[in-house]
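Here is the structure we will look at.
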Amino acid sequence: GIPSVALLPNAGPGSIQRFFAELLRTSHMTEDMFVQEVEAFEPHHEAVARLNAKYGLDFGLLTNMQPFGKLGVLTRSAITLVTTCEDLQDPMTPDIAEFYKKEGTIFEAVGPLLDKAGARRAAGHKFNASEGDSKHAAKHTGGEVDAEDLLQRVRAARAIGRSTILVSMGTVITGDSPDIGWEGRPKDKNGNCRGLTGRELCRAAWAGAFDAFGESSSEKGPLLIVSLGPQADPFGELEPPANAVCLSVVPQVDVLRLGVDAFLTHGGQNSFTEGLACGVPLLVCPGFGDQVVNAEKAEVMGVGLQVPRPDPDAGHEAAAAAQYR
């Protein structure tokens, strides 16, 4: 008799269809091809069977794909809380809207999820974590820097009118997902990997920030804050400038609230809405999915610019990364 409340951390139910459309585009797949992949994926069969057996459910293999882009599981909740505002929700297509109306599904926009002051975030998405993954500190930061020390540096910069730049490519693309993580590449319609890895994309974005804002002294130029994620060797041969503070985990909302002059972000829904809530100009460098949609929104809404992810042919990755930088 306990009611179920769902949480939708996206730009409303209409965003799911846009997410799938972008996923299909970047994967060079049609809806039919995607459905065939799902139906042939044995772990999906096993997972659905376990859920149905354990909880007495009747999920099918294509519960969220008929019509494509709807979330059938939301019909089982008394209400679904959407972590954005009404004006920023993506519109639903008529068939999706009719489905939810027929099922009596209720959506309530509650605004962005903003961390409380001092909240700690996960360092990133790692399936195979080692002890040293989350402990690497910045090069050229004068030693170990914790969250409170970083915030003090931001406050000091603001006090003297020094600019602060925040850079974060998110937690998924810096993680170890084989498809969309650090070593993952997008796939073409034949299932072949192509384009830049997450590592190549992140390092090119970081390098671009270092080129634009880096200085030889820690006291010169803007305070440049870079969130690296959980990789043990995030930089490779890339050398951060002296005015950069680079950490595996950054208290992002705390930094944004103190005041940031520009936010280079991957454009994930949380980071996108956090930047908007704090009134920070955005430069969106999307990796996949709704990040691409949010990058487009930033330009349409006049709150920022975007730099699309390169999609080079095989053998042209290095040139594409250099141009992206």
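In the structure tokens, chains take the letters A, B, ... in the order shown, each chain's residues start at 1, and ligands count up from 1 in the order shown.
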
Do you know which residues are at most 8 Å from Ile96 in chain A counting only C-alpha atoms, after dropping those on the same chain fewer than 6 positions away, and could you put them as number ranges by chain?
-> A: 14, 67, 69-70

Please, could you write that set of residues out with N, CA, C and O atoms as a CSV table (one decimal), in the first residue's frame?
```csv
chain,number,residue,atom,x,y,z
A,14,GLY,N,9.4,14.4,-22.3
A,14,GLY,CA,9.7,14.6,-23.8
A,14,GLY,C,11.2,14.5,-24.1
A,14,GLY,O,11.5,14.2,-25.3
A,67,PRO,N,5.2,3.4,-27.5
A,67,PRO,CA,6.0,4.0,-28.6
A,67,PRO,C,7.4,4.3,-28.2
A,67,PRO,O,7.7,4.4,-27.0
A,69,GLY,N,10.6,5.8,-27.0
A,69,GLY,CA,10.9,7.0,-26.2
A,69,GLY,C,10.1,7.2,-25.0
A,69,GLY,O,10.3,8.2,-24.2
A,70,LYS,N,9.1,6.4,-24.8
A,70,LYS,CA,8.3,6.6,-23.5
A,70,LYS,C,8.8,5.6,-22.5
A,70,LYS,O,9.6,4.7,-22.7
```

Strand (DSSP E or B) residues, from DSSP on the backbone, in range 9-163 of chain A, as a list in words | Met65, Phe68, Ile79, Thr80, Leu81, Val82, Phe107, Glu108 and Ala109 of chain A

Which of A:Val110, A:Met29, A:Leu62, A:Ala322 sits closest to Asn192 in chain A [using only C-alpha atoms] = A:Met29

Within 8 Å of Trp206 in chain A, counting only C-alpha atoms, which residues show up once you throw out same-chain ones fewer than 4 positions away? Write them as number ranges by chain, please.
-> A: 167, 202, 210, 226, 325

Just asking: which residues within range 16-229 of chain A are helix (DSSP H, G or I) according to DSSP, as JSON, numbers by chain?
-> {"A": [16, 17, 18, 19, 20, 21, 22, 23, 24, 25, 26, 27, 31, 32, 33, 34, 35, 36, 37, 38, 39, 40, 42, 43, 44, 45, 46, 47, 48, 49, 50, 51, 52, 53, 54, 55, 72, 73, 74, 75, 76, 86, 87, 88, 94, 95, 96, 97, 98, 99, 100, 101, 102, 103, 147, 148, 149, 150, 151, 152, 153, 154, 155, 156, 157, 158, 159, 198, 199, 200, 201, 202, 203, 204, 205, 206, 207, 208, 209, 210, 211, 212, 213]}

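Each of A:Thr105, A:Ser4, A:Ser27, A:Asn243 was checked against Ile180 in chain A using only C-alpha atoms; the smallest atom-to-atom distance is that of A:Ser27.
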